[in-house]
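Just model-v2.txt here, compact mmCIF, C-alpha atoms:
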# COMPACT_ATOMS: atom_id res chain seq x y z
CA MET A 1 0.00 0.00 0.00
CA LEU A 2 2.89 2.35 0.84
CA ILE A 3 4.48 1.64 -2.55
CA GLN A 4 1.23 2.48 -4.31
CA ASN A 5 0.96 5.82 -2.48
CA ASN A 6 4.56 6.69 -3.37
CA ASN A 7 3.89 5.86 -7.02
CA LEU A 8 0.80 8.08 -7.03
CA SER A 9 2.79 10.97 -5.56
CA MET A 10 5.50 10.48 -8.18
CA ILE A 11 2.94 10.47 -11.00
CA LEU A 12 1.45 13.75 -9.72
CA ARG A 13 4.88 15.36 -9.52
CA VAL A 14 5.71 14.26 -13.06
CA SER A 15 2.38 15.62 -14.30
CA VAL A 16 3.11 18.99 -12.78
CA VAL A 17 6.60 19.12 -14.31
CA LEU A 18 5.23 18.15 -17.74
CA PHE A 19 2.69 20.97 -17.44
CA PHE A 20 5.48 23.49 -16.90
CA LEU A 21 7.48 22.20 -19.88
CA GLN A 22 4.57 22.96 -22.18
CA VAL A 23 4.86 26.70 -21.48
CA ASN A 24 6.76 28.98 -23.83
CA HIS A 25 9.08 31.20 -21.76
CA SER A 26 10.24 33.51 -24.55
CA ASP A 27 7.12 35.54 -25.32
CA SER A 28 7.84 39.22 -25.80
CA LEU A 29 5.27 41.93 -26.43
CA ASP A 30 5.54 45.45 -27.81
CA THR A 31 4.23 47.31 -24.79
CA GLY A 32 6.21 50.52 -25.20
CA TYR A 33 8.45 49.90 -22.21
CA LYS A 34 11.51 48.72 -24.13
CA ASP A 35 13.68 50.89 -26.42
CA ASN A 36 12.33 51.42 -29.94
CA GLN A 37 8.96 49.91 -29.02
CA LEU A 38 5.60 51.38 -29.89
CA LYS A 39 2.72 50.97 -27.50
CA CYS A 40 0.32 48.50 -29.04
CA VAL A 41 -3.07 48.61 -27.34
CA GLU A 42 -3.74 44.94 -28.07
CA ASN A 43 -0.41 43.94 -26.57
CA VAL A 44 -1.05 46.01 -23.48
CA LYS A 45 -4.41 44.30 -23.13
CA LEU A 46 -2.69 40.93 -23.56
CA LEU A 47 -0.22 41.91 -20.83
CA LYS A 48 -3.10 42.79 -18.48
CA CYS A 49 -4.95 39.56 -19.34
CA SER A 50 -1.79 37.55 -18.68
CA TYR A 51 -1.48 39.17 -15.27
CA LEU A 52 -5.12 38.50 -14.46
CA LEU A 53 -4.93 34.86 -15.52
CA TYR A 54 -1.73 34.34 -13.56
CA ALA A 55 -3.32 36.02 -10.53
CA LEU A 56 -6.43 33.85 -10.83
CA ASN A 57 -4.34 30.67 -11.03
CA TYR A 58 -2.27 31.93 -8.09
CA MET A 59 -5.37 32.46 -5.95
CA GLN A 60 -6.99 29.20 -7.03
CA VAL A 61 -3.91 27.25 -5.97
CA ALA A 62 -3.70 29.28 -2.75
CA ARG A 63 -7.31 28.29 -2.11
CA LEU A 64 -6.29 24.63 -2.26
CA GLU A 65 -3.67 25.38 0.37
CA ILE A 66 -5.89 27.28 2.82
CA HIS A 67 -8.43 24.44 2.63
CA HIS A 68 -5.69 21.82 3.08
CA PRO A 69 -5.93 19.85 6.36
CA ASN A 70 -2.31 20.69 7.17
CA PHE A 71 -2.53 24.38 6.29
CA ASN A 72 -0.05 26.54 8.20
CA TYR A 73 -0.46 30.33 8.03
CA ASN A 74 3.20 31.05 8.68
CA LYS A 75 4.43 28.69 5.96
CA ALA A 76 1.79 29.36 3.32
CA PHE A 77 3.42 29.85 -0.11
CA TYR A 78 1.23 32.78 -1.10
CA ILE A 79 2.30 35.03 1.78
CA ASN A 80 5.95 34.62 0.80
CA PRO A 81 7.49 38.08 0.21
CA CYS A 82 8.81 36.93 -3.19
CA ASN A 83 5.28 36.18 -4.39
CA TYR A 84 4.04 39.50 -3.03
CA ASN A 85 6.83 41.23 -4.95
CA ILE A 86 5.58 39.71 -8.22
CA ILE A 87 2.08 41.05 -7.56
CA GLN A 88 3.54 44.52 -6.98
CA CYS A 89 5.55 44.26 -10.20
CA MET A 90 2.41 43.46 -12.17
CA ILE A 91 0.35 46.39 -10.95
CA CYS A 92 3.35 48.71 -11.14
CA THR A 93 3.79 48.02 -14.85
CA LEU A 94 0.09 48.62 -15.54
CA HIS A 95 0.15 51.91 -13.63
CA GLY A 96 3.11 53.02 -15.74
CA LEU A 97 1.40 52.16 -19.04
CA LYS A 98 -1.79 54.13 -18.31
CA LEU A 99 -3.56 52.40 -21.21
CA VAL A 100 -5.33 49.96 -18.92
CA GLU A 101 -6.53 50.14 -15.33
CA ILE A 102 -5.02 48.13 -12.50
CA GLY A 103 -8.50 46.91 -11.67
CA SER A 104 -9.04 43.83 -9.53
CA LEU A 105 -5.29 43.35 -9.13
CA TRP A 106 -5.60 46.12 -6.55
CA LEU A 107 -7.67 43.77 -4.41
CA LEU A 108 -5.08 41.02 -4.75
CA ASN A 109 -2.28 43.39 -3.76
CA MET A 110 -4.18 44.64 -0.72
CA TYR A 111 -5.26 41.16 0.29
CA ILE A 112 -1.80 39.58 0.12
CA GLY A 113 -0.19 42.62 1.77
CA ILE A 114 -2.61 42.50 4.69
CA VAL A 115 -2.50 38.72 5.09
CA CYS A 116 1.32 38.79 5.18
CA SER A 117 1.39 41.01 8.25
CA LEU A 118 -1.89 40.09 9.92
CA PHE A 119 -1.50 36.35 10.31
CA ASN A 120 2.10 36.54 11.45
CA LYS A 121 1.00 38.59 14.48
CA LEU A 122 -2.29 37.07 15.60
CA PRO A 123 -3.08 33.74 17.29
CA LYS A 124 -3.98 31.18 14.64
CA SER A 125 -6.56 29.54 16.89
CA ILE A 126 -9.10 32.31 16.36
CA GLU A 127 -11.75 30.58 14.28
CA HIS A 128 -13.35 33.69 12.79
CA LEU A 129 -10.01 34.70 11.25
CA ASN A 130 -9.92 31.42 9.37
CA THR A 131 -13.47 32.05 8.14
CA TYR A 132 -12.66 35.63 7.12
CA LEU A 133 -9.56 34.44 5.28
CA LYS A 134 -11.50 31.92 3.18
CA ASP A 135 -14.39 34.30 2.49
CA THR A 136 -12.15 37.20 1.50
CA HIS A 137 -10.04 34.87 -0.63
CA ASP A 138 -13.14 33.93 -2.61
CA ILE A 139 -14.10 37.61 -3.00
CA VAL A 140 -10.74 38.30 -4.68
CA ILE A 141 -11.11 35.23 -6.93
CA ASP A 142 -14.59 36.34 -8.01
CA ALA A 143 -13.31 39.86 -8.77
CA LEU A 144 -10.49 38.46 -10.94
CA LYS A 145 -12.91 36.17 -12.80
CA SER A 146 -15.31 39.05 -13.40
CA GLU A 147 -12.61 41.28 -14.89
CA ILE A 148 -11.23 38.49 -17.06
CA SER A 149 -14.72 38.05 -18.44
CA SER A 150 -15.35 41.79 -18.95
CA MET A 151 -12.02 42.20 -20.76
CA LYS A 152 -12.86 39.21 -22.98
CA CYS A 153 -9.43 37.72 -22.37
CA ASN A 154 -8.59 34.90 -24.78
CA LYS A 155 -8.00 32.34 -22.06
CA GLU A 156 -7.33 29.25 -24.14
CA GLU A 157 -4.49 30.86 -26.06
CA ASN A 158 -2.85 32.51 -23.06
CA LYS A 159 0.17 30.80 -21.52
CA PHE A 160 -1.02 31.60 -17.98
CA TYR A 161 -4.49 30.13 -18.31
CA VAL A 162 -5.11 26.97 -16.32
CA ASP A 163 -8.49 25.32 -16.49
CA GLU A 164 -9.99 24.56 -13.09
CA LYS A 165 -10.32 20.92 -14.13
CA ASN A 166 -6.57 20.72 -14.59
CA LEU A 167 -6.06 22.09 -11.09
CA LYS A 168 -7.69 18.97 -9.69
CA GLN A 169 -4.40 17.19 -10.22
CA LEU A 170 -3.18 19.15 -7.20
CA ASP A 171 -6.08 18.09 -4.96
CA ASN A 172 -4.21 15.18 -3.42
CA CYS A 173 -0.76 16.73 -3.51
CA SER A 174 1.22 17.64 -0.44
CA ARG A 175 1.58 21.26 0.56
CA LYS A 176 5.19 21.09 -0.63
CA ASP A 177 4.07 20.02 -4.11
CA ILE A 178 1.52 22.84 -4.20
CA SER A 179 4.24 25.28 -3.20
CA ASN A 180 6.63 23.95 -5.86
CA TYR A 181 3.91 24.25 -8.50
CA MET A 182 3.44 27.96 -7.84
CA LEU A 183 7.17 28.50 -7.46
CA GLU A 184 7.65 27.42 -11.07
CA LYS A 185 4.70 29.50 -12.23
CA SER A 186 6.14 32.51 -10.40
CA LYS A 187 9.48 32.07 -12.18
CA ILE A 188 7.68 32.08 -15.52
CA MET A 189 5.80 35.28 -14.62
CA SER A 190 9.01 36.93 -13.42
CA ASN A 191 10.64 36.23 -16.79
CA PHE A 192 7.53 37.45 -18.58
CA ILE A 193 7.65 40.76 -16.67
CA LEU A 194 11.36 41.20 -17.39
CA ASN A 195 10.82 40.50 -21.10
CA ASN A 196 8.12 43.10 -21.46
CA THR A 197 8.68 45.89 -18.95
CA GLU A 198 11.28 47.99 -17.19
CA LEU A 199 10.92 48.82 -13.51
CA SER A 200 12.89 50.76 -10.95
CA GLU A 201 13.11 49.99 -7.25
CA LYS A 202 11.60 53.40 -6.55
CA ASP A 203 8.55 52.61 -8.70
CA LEU A 204 7.98 49.29 -6.92
CA LYS A 205 8.03 50.89 -3.47
CA LYS A 206 4.92 52.86 -4.39
CA PHE A 207 2.89 49.65 -4.37
CA THR A 208 3.99 48.23 -1.04
CA LYS A 209 1.57 48.18 1.85
CA ARG A 210 3.73 50.81 3.54
CA ASN A 211 2.84 53.32 0.82
CA ILE A 212 -0.71 52.19 0.07
CA LEU A 213 -1.80 52.38 3.72
CA ILE A 214 0.22 55.56 4.34
CA LYS A 215 2.06 53.76 7.14
CA ASP A 216 4.54 56.56 7.86
CA ILE A 217 1.98 58.75 9.59
CA ILE A 218 1.38 55.92 12.08
CA HIS A 219 4.89 54.59 12.62
CA LYS A 220 6.74 57.90 12.64
CA ARG A 221 4.84 59.06 15.69
CA THR A 222 7.41 61.65 16.77
CA LYS A 223 7.27 63.42 13.41
CA SER A 224 3.48 63.10 13.18
CA SER A 225 2.94 64.50 16.68
CA ARG A 226 4.82 67.67 15.74
CA PHE A 227 2.04 68.43 13.27
CA LEU A 228 -0.38 68.88 16.16
CA TYR A 229 1.12 72.02 17.66
CA LYS A 230 4.11 73.14 15.57
CA TYR A 231 2.11 75.43 13.28
CA ASN A 232 -0.03 76.99 16.01
CA VAL A 233 -3.35 75.84 14.51
CA GLN A 234 -4.90 75.85 18.01
CA VAL A 235 -6.96 72.68 17.60
CA ASN A 236 -8.16 70.57 20.53
CA TRP A 237 -6.83 67.17 19.44
CA GLY A 238 -8.59 65.28 22.24
CA ARG A 239 -7.48 63.71 25.50
CA ILE A 240 -4.35 61.56 25.65
CA GLU A 241 -6.38 58.36 25.97
CA ARG A 242 -8.60 59.36 23.07
CA SER A 243 -6.34 61.59 20.99
CA THR A 244 -6.48 62.07 17.24
CA LEU A 245 -3.17 60.23 16.74
CA LEU A 246 -4.49 57.30 18.76
CA GLN A 247 -7.63 57.31 16.61
CA LEU A 248 -5.47 57.24 13.47
CA HIS A 249 -3.54 54.28 14.86
CA GLU A 250 -6.72 52.37 15.68
CA ASN A 251 -8.09 53.08 12.21
CA TYR A 252 -4.82 51.80 10.72
CA GLU A 253 -5.10 48.53 12.67
CA ASN A 254 -8.77 48.15 11.68
CA ALA A 255 -7.80 48.61 8.01
CA HIS A 256 -6.04 45.23 8.27
CA ARG A 257 -9.28 43.39 8.95
CA ILE A 258 -10.05 41.04 6.09
CA ASP A 259 -13.76 40.59 6.69
CA TRP A 260 -14.36 42.28 3.34
CA GLY A 261 -17.53 40.33 2.65
CA LYS A 262 -19.01 41.75 5.84
CA ASN A 263 -17.83 45.37 5.80
CA LYS A 264 -17.22 46.04 2.06
CA LEU A 265 -13.71 47.39 2.81
CA ASN A 266 -15.30 50.07 4.96
CA SER A 267 -12.47 49.90 7.51
CA ILE A 268 -9.95 50.79 4.78
CA GLN A 269 -12.12 53.70 3.65
CA ILE A 270 -12.42 55.03 7.22
CA TYR A 271 -8.64 54.91 7.63
CA TYR A 272 -8.03 56.81 4.39
CA GLU A 273 -10.58 59.44 5.33
CA SER A 274 -9.03 59.91 8.77
CA VAL A 275 -5.51 60.45 7.36
CA PHE A 276 -6.67 62.97 4.77
CA SER A 277 -8.97 64.67 7.28
CA PHE A 278 -6.08 65.10 9.73
CA LEU A 279 -3.95 66.89 7.15
CA LYS A 280 -6.88 68.97 5.86
CA VAL A 281 -7.84 70.17 9.35
CA ILE A 282 -4.35 71.64 9.73
CA MET A 283 -4.49 73.23 6.27
CA LEU A 284 -7.90 74.78 6.86
CA ARG A 285 -6.93 76.12 10.29
CA LEU A 286 -3.86 77.69 8.69
CA THR A 287 -6.24 79.22 6.14
CA TRP A 288 -8.38 80.66 8.92
CA LYS A 289 -5.30 82.17 10.56
CA HIS A 290 -3.94 83.57 7.31
CA PHE A 291 -7.07 85.52 6.49
CA LEU A 292 -7.17 87.02 9.96
CA TYR A 293 -3.77 88.45 9.11
CA VAL A 294 -4.89 89.48 5.62
CA ASN A 295 -7.82 91.44 7.00
CA LYS A 296 -5.47 93.36 9.28
CA GLN A 297 -3.68 94.82 6.26
CA GLN A 298 -4.54 98.32 5.09
CA ASN A 299 -2.82 98.28 1.70
CA LYS A 300 -5.17 96.80 -0.91
CA SER A 301 -2.42 95.59 -3.26
CA ILE A 302 -0.68 93.81 -0.38
CA LYS A 303 -3.96 92.12 0.58
CA GLU A 304 -4.48 90.95 -3.01
CA CYS A 305 -0.94 89.59 -3.15
CA LEU A 306 -1.39 87.68 0.12
CA VAL A 307 -4.68 86.19 -1.14
CA ASP A 308 -3.02 84.99 -4.37
CA LYS A 309 -0.12 83.46 -2.46
CA TRP A 310 -2.55 81.51 -0.28
CA ILE A 311 -4.49 80.24 -3.29
CA ALA A 312 -1.17 78.89 -4.63
CA ILE A 313 -0.52 77.13 -1.29
CA LEU A 314 -3.96 75.47 -1.34
CA ILE A 315 -3.38 74.32 -4.92
CA GLU A 316 0.03 72.85 -4.01
CA PHE A 317 -1.48 71.03 -1.04
CA GLY A 318 -4.37 69.64 -3.09
CA MET A 319 -2.18 68.58 -6.00
CA TYR A 320 0.33 66.78 -3.76
CA LEU A 321 -2.41 64.72 -2.11
CA HIS A 322 -4.23 64.30 -5.46
CA LEU A 323 -7.48 65.55 -3.94
CA LYS A 324 -10.63 65.52 -6.05
CA GLU A 325 -12.05 68.72 -7.50
CA ASP A 326 -15.04 68.61 -5.14
CA ASP A 327 -12.87 68.30 -2.03
CA PHE A 328 -13.27 70.79 0.83
CA ILE A 329 -9.82 72.23 0.11
CA TYR A 330 -10.72 73.09 -3.47
CA LYS A 331 -14.13 74.41 -2.46
CA VAL A 332 -12.44 76.81 -0.05
CA LYS A 333 -9.93 77.75 -2.73
CA ASN A 334 -12.70 78.44 -5.25
CA THR A 335 -14.57 80.62 -2.74
CA ILE A 336 -11.41 82.62 -1.99
CA GLU A 337 -10.81 83.16 -5.71
CA THR A 338 -14.35 84.51 -6.10
CA GLN A 339 -14.77 86.52 -2.89
CA ARG A 340 -11.10 87.34 -2.26
CA ASP A 341 -11.77 86.27 1.30
CA VAL A 342 -12.57 83.09 3.20
CA ASP A 343 -16.19 82.12 3.91
CA ASP A 344 -16.31 81.60 7.68
CA TYR A 345 -19.53 79.59 7.57
CA LEU A 346 -18.20 77.09 5.04
CA LEU A 347 -14.80 76.88 6.69
CA LYS A 348 -16.24 76.06 10.10
CA SER A 349 -18.72 73.55 8.73
CA TYR A 350 -15.94 71.75 6.84
CA LEU A 351 -13.71 71.71 9.92
CA ASN A 352 -16.53 70.30 12.01
CA THR A 353 -17.20 67.53 9.49
CA LEU A 354 -13.51 66.60 9.25
CA CYS A 355 -13.21 66.37 13.03
CA LEU A 356 -16.18 64.04 13.47
CA ASP A 357 -14.13 60.84 13.16
CA LEU A 358 -10.87 62.30 14.47
CA GLY A 359 -12.03 63.17 17.97
CA CYS A 360 -10.89 66.76 17.59
CA ASN A 361 -12.47 70.20 17.86
CA ALA A 362 -11.27 72.77 15.33
CA LEU A 363 -13.89 75.46 15.94
CA LYS A 364 -12.06 77.45 18.58
CA GLU A 365 -11.58 81.08 17.57
CA MET A 366 -8.08 81.66 16.24
CA LYS A 367 -5.69 83.97 18.11
CA LEU A 368 -2.87 85.77 16.35
CA ASP A 369 -0.30 85.35 19.12
CA GLY A 370 2.87 84.38 17.26
CA LYS A 371 3.32 81.12 19.19
CA GLU A 372 4.39 79.05 16.20
CA LEU A 373 7.21 76.65 17.11
CA ILE A 374 10.26 77.98 15.32
CA SER A 375 12.68 75.54 13.72
CA LYS A 376 16.41 75.93 14.26
CA ASN A 377 16.91 76.65 10.56
CA SER A 378 14.43 79.53 10.49
CA ILE A 379 15.01 81.17 13.87
CA GLU A 380 17.51 83.64 12.39
CA TYR A 381 14.75 84.93 10.11
CA GLN A 382 12.25 85.34 12.95
CA THR A 383 10.58 88.74 13.10
CA VAL A 384 8.81 90.54 15.89
CA HIS A 385 5.15 89.59 15.88
CA SER A 386 2.96 92.49 14.76
CA GLU A 387 -0.39 91.66 13.18
CA THR A 388 -0.37 94.53 10.70
CA GLU A 389 3.19 94.07 9.44
CA LEU A 390 3.82 92.23 6.16
CA GLU A 391 6.95 90.59 7.60
CA THR A 392 4.78 89.04 10.32
CA VAL A 393 2.36 87.56 7.78
CA ASN A 394 5.22 86.23 5.66
CA TYR A 395 6.85 84.54 8.64
CA TYR A 396 4.03 83.42 10.95
CA SER A 397 1.42 82.58 8.29
CA LEU A 398 2.90 81.97 4.84
CA GLY A 399 6.11 80.66 6.40
CA ALA A 400 4.26 78.27 8.72
CA ALA A 401 2.14 76.94 5.84
CA LYS A 402 5.16 76.38 3.60
CA GLN A 403 6.95 74.60 6.43
CA PHE A 404 3.89 72.41 7.02
CA ILE A 405 3.78 71.35 3.35
CA PHE A 406 7.56 70.79 3.32
CA ASN A 407 7.41 68.61 6.46
CA MET A 408 4.39 66.73 5.11
CA LYS A 409 6.29 65.89 1.94
CA PHE A 410 9.32 64.89 4.00
CA LEU A 411 7.18 62.62 6.19
CA PHE A 412 5.82 60.92 3.06
CA LEU A 413 9.15 60.87 1.23
CA ASP A 414 9.09 58.32 -1.64
CA ARG A 415 5.34 57.85 -1.18
CA ASP A 416 2.95 58.47 -4.07
CA PHE A 417 -0.57 59.71 -3.39
CA ASN A 418 -1.43 59.26 -7.07
CA VAL A 419 -1.09 55.50 -6.50
CA ILE A 420 -3.36 55.74 -3.45
CA LYS A 421 -5.87 57.75 -5.49
CA SER A 422 -5.84 54.97 -8.09
CA LEU A 423 -6.88 52.43 -5.46
CA ILE A 424 -9.57 54.71 -3.99
CA ASP A 425 -10.97 55.45 -7.46
CA PHE A 426 -11.09 51.72 -8.25
CA ALA A 427 -12.94 50.99 -5.02
CA ASP A 428 -15.41 53.85 -5.57
CA LYS A 429 -16.01 52.91 -9.21
CA ASN A 430 -16.76 49.31 -8.30
CA LYS A 431 -18.74 50.23 -5.17
CA LEU A 432 -16.37 48.24 -2.97
CA PHE A 433 -16.48 50.76 -0.15
CA ASP A 434 -19.60 50.51 1.94
CA LYS A 435 -20.88 54.06 1.75
CA ILE A 436 -22.28 55.07 5.10
CA GLU A 437 -24.05 58.41 5.26
CA LYS A 438 -22.70 60.45 8.14
CA LYS A 439 -25.18 62.17 10.38
CA ILE A 440 -23.48 65.44 11.13
CA SER A 441 -24.32 66.79 14.56
CA TYR A 442 -22.81 70.22 14.73
CA VAL A 443 -21.24 71.04 18.05
CA PHE A 444 -22.03 74.68 17.44
CA SER A 445 -25.17 76.57 16.63
CA LEU A 446 -25.48 77.37 12.94
CA SER A 447 -26.78 80.78 13.86
CA ASP A 448 -23.54 81.49 15.71
CA ILE A 449 -21.28 80.83 12.72
Target encoding structure tokens, full file:
Amino acid sequence: MLIQNNNLSMILRVSVVLFFLQVNHSDSLDTGYKDNQLKCVENVKLLKCSYLLYALNYMQVARLEIHHPNFNYNKAFYINPCNYNIIQCMICTLHGLKLVEIGSLWLLNMYIGIVCSLFNKLPKSIEHLNTYLKDTHDIVIDALKSEISSMKCNKEENKFYVDEKNLKQLDNCSRKDISNYMLEKSKIMSNFILNNTELSEKDLKKFTKRNILIKDIIHKRTKSSRFLYKYNVQVNWGRIERSTLLQLHENYENAHRIDWGKNKLNSIQIYYESVFSFLKVIMLRLTWKHFLYVNKQQNKSIKECLVDKWIAILIEFGMYLHLKEDDFIYKVKNTIETQRDVDDYLLKSYLNTLCLDLGCNALKEMKLDGKELISKNSIEYQTVHSETELETVNYYSLGAAKQFIFNMKFLFLDRDFNVIKSLIDFADKNKLFDKIEKKISYVFSLSDI
């Protein structure tokens, strides 16, 4: 009986090897990445289809593993960093081409990135995690299948297509054989990517979980905490045990929950909103302060110049974060362009809305007291604080805002908010985020604004 089992295992291994030998490793497409290439739309579509079919096969085989009786989270092939790197390479090349969308590969990237970190930290005995893992895994598979169908990918003629019936040969294989199967497939995909694209290490970093979940604002706590008081925005950021930074950290941890079938990625959406809201509260409070200074000026041409300079600051802020045209920041900017002043009612209502999920209060009346925290590099340029003096406005208002944007960019060095926008747009377009209407309870009387 033992001899028969060994023979069966050998036959399965040979079958897998023969399957690999049937694949042509030398395919090269004109995608526009290589020198003297022209971008061929059909070839770009073929590249995307190849990625989708590989990803589907990858997840189908991973599904065999997570349903295997001897499944081990820590040793699962699909959470291997090398495999995750291939997924990042695929979506990175598509983002660079701009002729096709990243699409459902975003879900795969997020799923693998979260699983890699989540299940290495938590007890594996928690039954609901196992259920969430399987359910979320199937959600990603269904998304890949749907996009393959909508793109009308020619599956039968694609080297990465594997019929589900053929996958049954792996049903009775050991976990090691399953791992070896995908190892060979991964090598083929790696060669395929190298044949058809060119990537830099800097480009790849944009698609790591560290960038996509804006990890720096959570794990560089010292730098993040300086944002609270350095620019004298005079916001009540909450008590120590329920501070805004603590809320951001909790939202970051919740974003790793993989119960996507239950919450429609709502925890990821809440985290994104909280990060952007935090930065926008500071920017809008700086706007409030700036126009208090502007209205102290007597010279009309100086006032106009200060208004134009602030519009430029708001545009720079919005462009860096790739904010949408209907964002609060742009609405404030548009109002300033029209009225040449800030609309107090709108400003306060936006600040109140942004603070709802941050545990902060940004409605306190602003004082022009010159208590900005001066950096060592700028202290030699410090001027005596006088509300009506142009030098004061340049240093305590425009200077503080420019320093805020500079430090924000430094905090997110090598991060790319255009990549994050791509993910958010994909989720919104496909209604992946569970849209929950917020009931805004103003903490101030509208008549008092």
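Near Arg415 of chain A, within 7 Å and counting only C-alpha atoms, sit Lys206, Asn211 and Phe412 of chain A, not including residues fewer than 3 positions from it in the same chain.
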ask   = Mind pulling up the distance from atom CA of Glu273 of chain A to atom CA of Leu411 of chain A?
value = 18.1 Å
message = When you count all atoms listed in the file, which of these residues is closest to Ile420 of chain A: A:Trp106, A:Trp260, A:Tyr54, A:Trp237?
response =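 Ranked by minimum distance to Ile420 of chain A, first place goes to A:Trp106.
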query = If we count only C-alpha atoms, what is near segment 334-336 of chain A at a cut-off of 12 Å, once residues fewer than 2 positions away on the same chain are taken out, given as number ranges by chain?
reply = A: 287-288, 290-291, 304, 306-312, 314-315, 325-332, 338-347
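Shell of Val115 of chain A at 9 Å, with only C-alpha atoms counted and residues fewer than 2 places along the chain excluded, is Ile79, Met110, Tyr111, Ile112, Gly113, Ser117, Leu118, Phe119, Asn120, Leu133, His256 and Ile258 of chain A.
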note = re atom CA of Glu156 of chain A and atom CA of Ser50 of chain A: distance 11.4 Å
inquiry  = Report, in Å with one decimal, the straight-line distance from atom CA of Asp171 of chain A to atom CA of Ile66 of chain A.
reply    =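 Spanning atom CA of Asp171 of chain A to atom CA of Ile66 of chain A is a straight-line distance of 12.0 Å.
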inquiry  = Given all atoms listed in the file as the basis, pick out the residue of A:Asp414, A:Val44, A:Lys205, A:Leu64 nearest to Asp177 of chain A.
reply    = A:Leu64
message = Residues within 9 Å of Glu42 of chain A, please, as a list in words. Count all atoms listed in the file; anything in the same chain fewer than 4 positions from it doesn't count.
response =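 Selected residues are Thr31, Leu46 and Leu47 of chain A.
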Extract, using only C-alpha atoms, all DNA, RNA and protein residues at most 8 Å from Phe417 of chain A, discarding same-chain residues fewer than 2 positions from it, and format them as a PDB file with C-alpha atoms, keeping the file's coordinate frame.
ATOM      1  CA  TYR A 320       0.330  66.780  -3.760  1.00  0.00           C
ATOM      2  CA  LEU A 321      -2.410  64.720  -2.110  1.00  0.00           C
ATOM      3  CA  HIS A 322      -4.230  64.300  -5.460  1.00  0.00           C
ATOM      4  CA  ARG A 415       5.340  57.850  -1.180  1.00  0.00           C
ATOM      5  CA  VAL A 419      -1.090  55.500  -6.500  1.00  0.00           C
ATOM      6  CA  ILE A 420      -3.360  55.740  -3.450  1.00  0.00           C
ATOM      7  CA  LYS A 421      -5.870  57.750  -5.490  1.00  0.00           C
TER       8      LYS A 421
END
